[in-house]
$ cat upload_1.cif   # mmCIF, N, CA and C atoms
data_start
#
loop_
_atom_site.group_PDB
_atom_site.id
_atom_site.type_symbol
_atom_site.label_atom_id
_atom_site.label_comp_id
_atom_site.auth_asym_id
_atom_site.auth_seq_id
_atom_site.Cartn_x
_atom_site.Cartn_y
_atom_site.Cartn_z
ATOM 1 N N MET A 26 -14.581 -7.106 -29.230
ATOM 2 C CA MET A 26 -13.963 -6.591 -28.043
ATOM 3 C C MET A 26 -14.963 -5.677 -27.367
ATOM 4 N N PRO A 27 -15.222 -5.916 -26.123
ATOM 5 C CA PRO A 27 -16.207 -5.102 -25.421
ATOM 6 C C PRO A 27 -15.872 -3.621 -25.482
ATOM 7 N N GLY A 28 -16.842 -2.834 -25.841
ATOM 8 C CA GLY A 28 -16.673 -1.400 -25.850
ATOM 9 C C GLY A 28 -15.992 -0.843 -27.085
ATOM 10 N N ALA A 29 -15.464 -1.705 -27.939
ATOM 11 C CA ALA A 29 -14.784 -1.212 -29.142
ATOM 12 C C ALA A 29 -15.824 -0.826 -30.189
ATOM 13 N N ASP A 30 -15.607 0.321 -30.800
ATOM 14 C CA ASP A 30 -16.500 0.789 -31.863
ATOM 15 C C ASP A 30 -15.834 0.486 -33.190
ATOM 16 N N TRP A 31 -16.175 -0.638 -33.784
ATOM 17 C CA TRP A 31 -15.523 -1.064 -35.016
ATOM 18 C C TRP A 31 -15.842 -0.144 -36.189
ATOM 19 N N GLN A 32 -16.830 0.703 -36.033
ATOM 20 C CA GLN A 32 -17.186 1.617 -37.107
ATOM 21 C C GLN A 32 -16.413 2.935 -37.029
ATOM 22 N N ASN A 33 -15.693 3.155 -35.950
ATOM 23 C CA ASN A 33 -14.915 4.378 -35.772
ATOM 24 C C ASN A 33 -13.586 4.241 -36.520
ATOM 25 N N GLN A 34 -13.453 4.936 -37.640
ATOM 26 C CA GLN A 34 -12.269 4.832 -38.473
ATOM 27 C C GLN A 34 -10.995 5.235 -37.734
ATOM 28 N N ALA A 35 -11.075 6.164 -36.829
ATOM 29 C CA ALA A 35 -9.890 6.622 -36.095
ATOM 30 C C ALA A 35 -9.263 5.491 -35.276
ATOM 31 N N GLY A 36 -10.070 4.548 -34.845
ATOM 32 C CA GLY A 36 -9.562 3.432 -34.063
ATOM 33 C C GLY A 36 -8.697 2.471 -34.861
ATOM 34 N N TYR A 37 -8.683 2.619 -36.165
ATOM 35 C CA TYR A 37 -7.918 1.733 -37.028
ATOM 36 C C TYR A 37 -6.818 2.455 -37.800
ATOM 37 N N GLU A 38 -6.605 3.698 -37.475
ATOM 38 C CA GLU A 38 -5.598 4.493 -38.171
ATOM 39 C C GLU A 38 -4.212 3.853 -38.068
ATOM 40 N N HIS A 39 -3.922 3.220 -36.929
ATOM 41 C CA HIS A 39 -2.604 2.604 -36.734
ATOM 42 C C HIS A 39 -2.360 1.431 -37.684
ATOM 43 N N LEU A 40 -3.403 0.938 -38.340
ATOM 44 C CA LEU A 40 -3.247 -0.179 -39.272
ATOM 45 C C LEU A 40 -2.989 0.271 -40.712
ATOM 46 N N ARG A 41 -3.039 1.542 -40.936
ATOM 47 C CA ARG A 41 -2.876 2.057 -42.304
ATOM 48 C C ARG A 41 -1.572 1.556 -42.937
ATOM 49 N N ASN A 42 -0.497 1.501 -42.188
ATOM 50 C CA ASN A 42 0.799 1.053 -42.704
ATOM 51 C C ASN A 42 1.261 -0.241 -42.041
ATOM 52 N N ALA A 43 0.322 -1.021 -41.569
ATOM 53 C CA ALA A 43 0.656 -2.248 -40.853
ATOM 54 C C ALA A 43 1.245 -3.300 -41.785
ATOM 55 N N ILE A 44 2.186 -4.054 -41.244
ATOM 56 C CA ILE A 44 2.704 -5.207 -41.969
ATOM 57 C C ILE A 44 1.725 -6.359 -41.732
ATOM 58 N N PRO A 45 1.774 -7.406 -42.542
ATOM 59 C CA PRO A 45 0.805 -8.491 -42.401
ATOM 60 C C PRO A 45 0.711 -9.076 -40.988
ATOM 61 N N ALA A 46 1.824 -9.221 -40.297
ATOM 62 C CA ALA A 46 1.787 -9.781 -38.942
ATOM 63 C C ALA A 46 1.001 -8.889 -37.985
ATOM 64 N N GLU A 47 1.149 -7.585 -38.123
ATOM 65 C CA GLU A 47 0.401 -6.657 -37.263
ATOM 66 C C GLU A 47 -1.089 -6.713 -37.568
ATOM 67 N N PHE A 48 -1.408 -6.783 -38.832
ATOM 68 C CA PHE A 48 -2.812 -6.876 -39.218
ATOM 69 C C PHE A 48 -3.407 -8.191 -38.729
ATOM 70 N N GLY A 49 -2.641 -9.275 -38.862
ATOM 71 C CA GLY A 49 -3.096 -10.576 -38.374
ATOM 72 C C GLY A 49 -3.354 -10.574 -36.882
ATOM 73 N N TRP A 50 -2.471 -9.916 -36.128
ATOM 74 C CA TRP A 50 -2.656 -9.838 -34.683
ATOM 75 C C TRP A 50 -3.937 -9.091 -34.337
ATOM 76 N N GLU A 51 -4.249 -8.023 -35.059
ATOM 77 C CA GLU A 51 -5.481 -7.280 -34.804
ATOM 78 C C GLU A 51 -6.699 -8.184 -35.002
ATOM 79 N N TYR A 52 -6.634 -9.029 -36.005
ATOM 80 C CA TYR A 52 -7.734 -9.969 -36.242
ATOM 81 C C TYR A 52 -7.788 -11.019 -35.131
ATOM 82 N N LEU A 53 -6.631 -11.610 -34.837
ATOM 83 C CA LEU A 53 -6.581 -12.708 -33.876
ATOM 84 C C LEU A 53 -7.005 -12.268 -32.480
ATOM 85 N N ARG A 54 -6.570 -11.114 -32.041
ATOM 86 C CA ARG A 54 -6.876 -10.690 -30.672
ATOM 87 C C ARG A 54 -8.361 -10.403 -30.456
ATOM 88 N N ARG A 55 -9.101 -10.275 -31.542
ATOM 89 C CA ARG A 55 -10.541 -10.060 -31.438
ATOM 90 C C ARG A 55 -11.332 -11.370 -31.453
ATOM 91 N N ASN A 56 -10.642 -12.464 -31.711
ATOM 92 C CA ASN A 56 -11.296 -13.760 -31.800
ATOM 93 C C ASN A 56 -11.597 -14.278 -30.394
ATOM 94 N N ARG A 57 -12.859 -14.435 -30.075
ATOM 95 C CA ARG A 57 -13.262 -14.846 -28.725
ATOM 96 C C ARG A 57 -12.685 -16.212 -28.342
ATOM 97 N N ARG A 58 -12.668 -17.144 -29.267
ATOM 98 C CA ARG A 58 -12.136 -18.472 -28.948
ATOM 99 C C ARG A 58 -10.648 -18.405 -28.632
ATOM 100 N N TYR A 59 -9.914 -17.587 -29.399
ATOM 101 C CA TYR A 59 -8.491 -17.408 -29.128
ATOM 102 C C TYR A 59 -8.282 -16.837 -27.727
ATOM 103 N N ARG A 60 -9.021 -15.771 -27.400
ATOM 104 C CA ARG A 60 -8.860 -15.133 -26.089
ATOM 105 C C ARG A 60 -9.208 -16.086 -24.958
ATOM 106 N N ASP A 61 -10.274 -16.869 -25.131
ATOM 107 C CA ASP A 61 -10.663 -17.827 -24.088
ATOM 108 C C ASP A 61 -9.578 -18.879 -23.867
ATOM 109 N N GLU A 62 -9.054 -19.424 -24.972
ATOM 110 C CA GLU A 62 -8.011 -20.441 -24.840
ATOM 111 C C GLU A 62 -6.711 -19.845 -24.301
ATOM 112 N N GLN A 63 -6.420 -18.616 -24.687
ATOM 113 C CA GLN A 63 -5.217 -17.951 -24.188
ATOM 114 C C GLN A 63 -5.301 -17.783 -22.671
ATOM 115 N N ARG A 64 -6.461 -17.359 -22.184
ATOM 116 C CA ARG A 64 -6.643 -17.210 -20.734
ATOM 117 C C ARG A 64 -6.511 -18.551 -20.026
ATOM 118 N N ALA A 65 -7.045 -19.617 -20.638
ATOM 119 C CA ALA A 65 -6.985 -20.941 -20.022
ATOM 120 C C ALA A 65 -5.540 -21.440 -19.912
ATOM 121 N N CYS A 66 -4.680 -21.018 -20.819
ATOM 122 C CA CYS A 66 -3.285 -21.459 -20.821
ATOM 123 C C CYS A 66 -2.344 -20.495 -20.105
ATOM 124 N N ALA A 67 -2.835 -19.358 -19.705
ATOM 125 C CA ALA A 67 -1.979 -18.289 -19.197
ATOM 126 C C ALA A 67 -1.091 -18.692 -18.033
ATOM 127 N N ASP A 68 -1.583 -19.484 -17.121
ATOM 128 C CA ASP A 68 -0.806 -19.821 -15.933
ATOM 129 C C ASP A 68 -0.154 -21.195 -16.001
ATOM 130 N N LEU A 69 -0.201 -21.825 -17.157
ATOM 131 C CA LEU A 69 0.409 -23.140 -17.314
ATOM 132 C C LEU A 69 1.895 -22.999 -17.602
ATOM 133 N N SER A 70 2.646 -24.028 -17.266
ATOM 134 C CA SER A 70 4.072 -24.007 -17.570
ATOM 135 C C SER A 70 4.268 -24.144 -19.076
ATOM 136 N N PRO A 71 5.374 -23.633 -19.601
ATOM 137 C CA PRO A 71 5.612 -23.684 -21.050
ATOM 138 C C PRO A 71 5.636 -25.097 -21.622
ATOM 139 N N ASP A 72 5.998 -26.090 -20.807
ATOM 140 C CA ASP A 72 6.059 -27.463 -21.321
ATOM 141 C C ASP A 72 4.758 -28.241 -21.110
ATOM 142 N N ASP A 73 3.715 -27.582 -20.639
ATOM 143 C CA ASP A 73 2.415 -28.231 -20.473
ATOM 144 C C ASP A 73 1.854 -28.598 -21.847
ATOM 145 N N PRO A 74 1.314 -29.802 -22.016
ATOM 146 C CA PRO A 74 0.755 -30.206 -23.312
ATOM 147 C C PRO A 74 -0.331 -29.259 -23.833
ATOM 148 N N ALA A 75 -1.048 -28.606 -22.957
ATOM 149 C CA ALA A 75 -2.085 -27.666 -23.385
ATOM 150 C C ALA A 75 -1.463 -26.468 -24.106
ATOM 151 N N GLN A 76 -0.250 -26.089 -23.700
ATOM 152 C CA GLN A 76 0.437 -24.992 -24.381
ATOM 153 C C GLN A 76 0.786 -25.386 -25.821
ATOM 154 N N GLU A 77 1.235 -26.618 -25.998
ATOM 155 C CA GLU A 77 1.574 -27.098 -27.337
ATOM 156 C C GLU A 77 0.322 -27.183 -28.210
ATOM 157 N N LYS A 78 -0.769 -27.628 -27.635
ATOM 158 C CA LYS A 78 -2.034 -27.705 -28.372
ATOM 159 C C LYS A 78 -2.477 -26.305 -28.806
ATOM 160 N N PHE A 79 -2.354 -25.351 -27.896
ATOM 161 C CA PHE A 79 -2.701 -23.963 -28.200
ATOM 162 C C PHE A 79 -1.839 -23.440 -29.352
ATOM 163 N N ALA A 80 -0.538 -23.702 -29.287
ATOM 164 C CA ALA A 80 0.386 -23.226 -30.317
ATOM 165 C C ALA A 80 0.079 -23.858 -31.675
ATOM 166 N N ARG A 81 -0.242 -25.140 -31.681
ATOM 167 C CA ARG A 81 -0.580 -25.789 -32.949
ATOM 168 C C ARG A 81 -1.857 -25.217 -33.543
ATOM 169 N N ARG A 82 -2.809 -24.910 -32.681
ATOM 170 C CA ARG A 82 -4.096 -24.405 -33.164
ATOM 171 C C ARG A 82 -3.998 -22.966 -33.668
ATOM 172 N N TRP A 83 -3.346 -22.103 -32.898
ATOM 173 C CA TRP A 83 -3.360 -20.668 -33.172
ATOM 174 C C TRP A 83 -2.071 -20.115 -33.752
ATOM 175 N N GLY A 84 -0.987 -20.833 -33.605
ATOM 176 C CA GLY A 84 0.292 -20.327 -34.128
ATOM 177 C C GLY A 84 1.046 -19.520 -33.091
ATOM 178 N N PRO A 85 0.812 -18.232 -33.005
ATOM 179 C CA PRO A 85 1.624 -17.415 -32.101
ATOM 180 C C PRO A 85 1.276 -17.626 -30.633
ATOM 181 N N ARG A 86 2.305 -17.483 -29.812
ATOM 182 C CA ARG A 86 2.121 -17.487 -28.363
ATOM 183 C C ARG A 86 2.811 -16.246 -27.834
ATOM 184 N N PHE A 87 2.169 -15.590 -26.906
ATOM 185 C CA PHE A 87 2.710 -14.356 -26.352
ATOM 186 C C PHE A 87 2.780 -14.490 -24.839
ATOM 187 N N ARG A 88 3.862 -14.004 -24.273
ATOM 188 C CA ARG A 88 3.985 -13.997 -22.822
ATOM 189 C C ARG A 88 3.021 -12.984 -22.244
ATOM 190 N N ARG A 89 2.569 -13.266 -21.033
ATOM 191 C CA ARG A 89 1.696 -12.319 -20.348
ATOM 192 C C ARG A 89 2.500 -11.082 -20.000
ATOM 193 N N ARG A 90 1.845 -9.953 -20.037
ATOM 194 C CA ARG A 90 2.509 -8.717 -19.625
ATOM 195 C C ARG A 90 2.608 -8.681 -18.120
ATOM 196 N N SER A 91 3.700 -8.124 -17.641
ATOM 197 C CA SER A 91 3.883 -8.041 -16.188
ATOM 198 C C SER A 91 3.218 -6.793 -15.646
#
$ encode --input "upload_1.cif" --output "structure tokens"
Amino acid sequence: MPGADWQNQAGYEHLRNAIPAEFGWEYLRRNRRYRDEQRACADLSPDDPAQEKFARRWGPRFRRRS
């Protein structure tokens, strides 16, 4: 993630008591391929085949924030 200091322990304090899903999300959101594909699918309709391909590949799908 641009600008993130992965060596700064304070930046990870919120993960100290994280459940597996939260920890997994922290890993996934840093994955460049995931972010690129997520952006490519962001404006597609939910029934677009590319959305299904994305879901099969990565698992979770999240709505864009308003």
$ residues_around --input "upload_1.cif" --residues "Gly84 in chain A" --least-positions-apart "6" --cutoff "12 Å" --atoms "only C-alpha atoms" --output "PyMOL selection string"
chain A and resi 46+49-50+53+59+63+76-78
$ atom_distance --input "upload_1.cif" --atom1 "atom C of Trp31 in chain A" --atom2 "atom C of Arg64 in chain A"
26.2 Å
$ atom_distance --input "upload_1.cif" --atom1 "CA of Leu69 in chain A" --atom2 "CA of Arg82 in chain A"
16.5 Å
$ atom_distance --input "upload_1.cif" --atom1 "CA of Asn56 in chain A" --atom2 "CA of Leu40 in chain A"
17.5 Å
$ select_by_dssp --input "upload_1.cif" --residues "chain A" --states "helix (DSSP H, G or I)" --output "ChimeraX atom specification"
/A:34-40,45-53,57-66,74-83
$ axis_aligned_box --input "upload_1.cif" --around "range 50-59 of chain A" --padding-each-side "6 Å" --output "JSON"
{"center_x": -7.9, "center_y": -12.9, "center_z": -32.0, "size_x": 22.8, "size_y": 23.2, "size_z": 20.5}
$ decode --input "upload_1.cif" --residues "range 43-55 of chain A" --atoms "N, CA, C and O atoms" --output "PDB file, in the first residue's frame"
ATOM      1  N   ALA A  43      -7.678  -9.382  16.465  1.00  0.00           N
ATOM      2  CA  ALA A  43      -8.471  -9.597  15.259  1.00  0.00           C
ATOM      3  C   ALA A  43      -8.932 -11.045  15.140  1.00  0.00           C
ATOM      4  O   ALA A  43      -8.225 -11.971  15.529  1.00  0.00           O
ATOM      5  N   ILE A  44     -10.131 -11.200  14.607  1.00  0.00           N
ATOM      6  CA  ILE A  44     -10.615 -12.535  14.277  1.00  0.00           C
ATOM      7  C   ILE A  44     -10.025 -12.897  12.912  1.00  0.00           C
ATOM      8  O   ILE A  44      -9.543 -12.016  12.186  1.00  0.00           O
ATOM      9  N   PRO A  45     -10.026 -14.168  12.541  1.00  0.00           N
ATOM     10  CA  PRO A  45      -9.401 -14.567  11.281  1.00  0.00           C
ATOM     11  C   PRO A  45      -9.891 -13.787  10.057  1.00  0.00           C
ATOM     12  O   PRO A  45      -9.104 -13.433   9.185  1.00  0.00           O
ATOM     13  N   ALA A  46     -11.173 -13.487   9.980  1.00  0.00           N
ATOM     14  CA  ALA A  46     -11.691 -12.746   8.826  1.00  0.00           C
ATOM     15  C   ALA A  46     -11.089 -11.346   8.737  1.00  0.00           C
ATOM     16  O   ALA A  46     -10.784 -10.855   7.649  1.00  0.00           O
ATOM     17  N   GLU A  47     -10.912 -10.697   9.873  1.00  0.00           N
ATOM     18  CA  GLU A  47     -10.306  -9.358   9.877  1.00  0.00           C
ATOM     19  C   GLU A  47      -8.843  -9.421   9.461  1.00  0.00           C
ATOM     20  O   GLU A  47      -8.366  -8.585   8.703  1.00  0.00           O
ATOM     21  N   PHE A  48      -8.155 -10.415   9.954  1.00  0.00           N
ATOM     22  CA  PHE A  48      -6.753 -10.577   9.583  1.00  0.00           C
ATOM     23  C   PHE A  48      -6.633 -10.891   8.097  1.00  0.00           C
ATOM     24  O   PHE A  48      -5.771 -10.361   7.398  1.00  0.00           O
ATOM     25  N   GLY A  49      -7.523 -11.751   7.599  1.00  0.00           N
ATOM     26  CA  GLY A  49      -7.529 -12.079   6.174  1.00  0.00           C
ATOM     27  C   GLY A  49      -7.772 -10.863   5.305  1.00  0.00           C
ATOM     28  O   GLY A  49      -7.151 -10.698   4.259  1.00  0.00           O
ATOM     29  N   TRP A  50      -8.694 -10.000   5.735  1.00  0.00           N
ATOM     30  CA  TRP A  50      -8.973  -8.786   4.975  1.00  0.00           C
ATOM     31  C   TRP A  50      -7.747  -7.885   4.918  1.00  0.00           C
ATOM     32  O   TRP A  50      -7.430  -7.300   3.894  1.00  0.00           O
ATOM     33  N   GLU A  51      -7.005  -7.773   6.012  1.00  0.00           N
ATOM     34  CA  GLU A  51      -5.796  -6.953   6.016  1.00  0.00           C
ATOM     35  C   GLU A  51      -4.794  -7.476   4.985  1.00  0.00           C
ATOM     36  O   GLU A  51      -4.122  -6.699   4.315  1.00  0.00           O
ATOM     37  N   TYR A  52      -4.705  -8.782   4.876  1.00  0.00           N
ATOM     38  CA  TYR A  52      -3.807  -9.375   3.880  1.00  0.00           C
ATOM     39  C   TYR A  52      -4.334  -9.117   2.467  1.00  0.00           C
ATOM     40  O   TYR A  52      -3.606  -8.665   1.590  1.00  0.00           O
ATOM     41  N   LEU A  53      -5.619  -9.402   2.267  1.00  0.00           N
ATOM     42  CA  LEU A  53      -6.202  -9.305   0.933  1.00  0.00           C
ATOM     43  C   LEU A  53      -6.170  -7.880   0.394  1.00  0.00           C
ATOM     44  O   LEU A  53      -5.826  -7.660  -0.768  1.00  0.00           O
ATOM     45  N   ARG A  54      -6.475  -6.906   1.214  1.00  0.00           N
ATOM     46  CA  ARG A  54      -6.547  -5.529   0.719  1.00  0.00           C
ATOM     47  C   ARG A  54      -5.185  -4.976   0.300  1.00  0.00           C
ATOM     48  O   ARG A  54      -5.097  -3.986  -0.400  1.00  0.00           O
ATOM     49  N   ARG A  55      -4.124  -5.652   0.703  1.00  0.00           N
ATOM     50  CA  ARG A  55      -2.784  -5.237   0.302  1.00  0.00           C
ATOM     51  C   ARG A  55      -2.320  -5.919  -0.987  1.00  0.00           C
ATOM     52  O   ARG A  55      -1.269  -5.599  -1.512  1.00  0.00           O
TER      53      ARG A  55
END
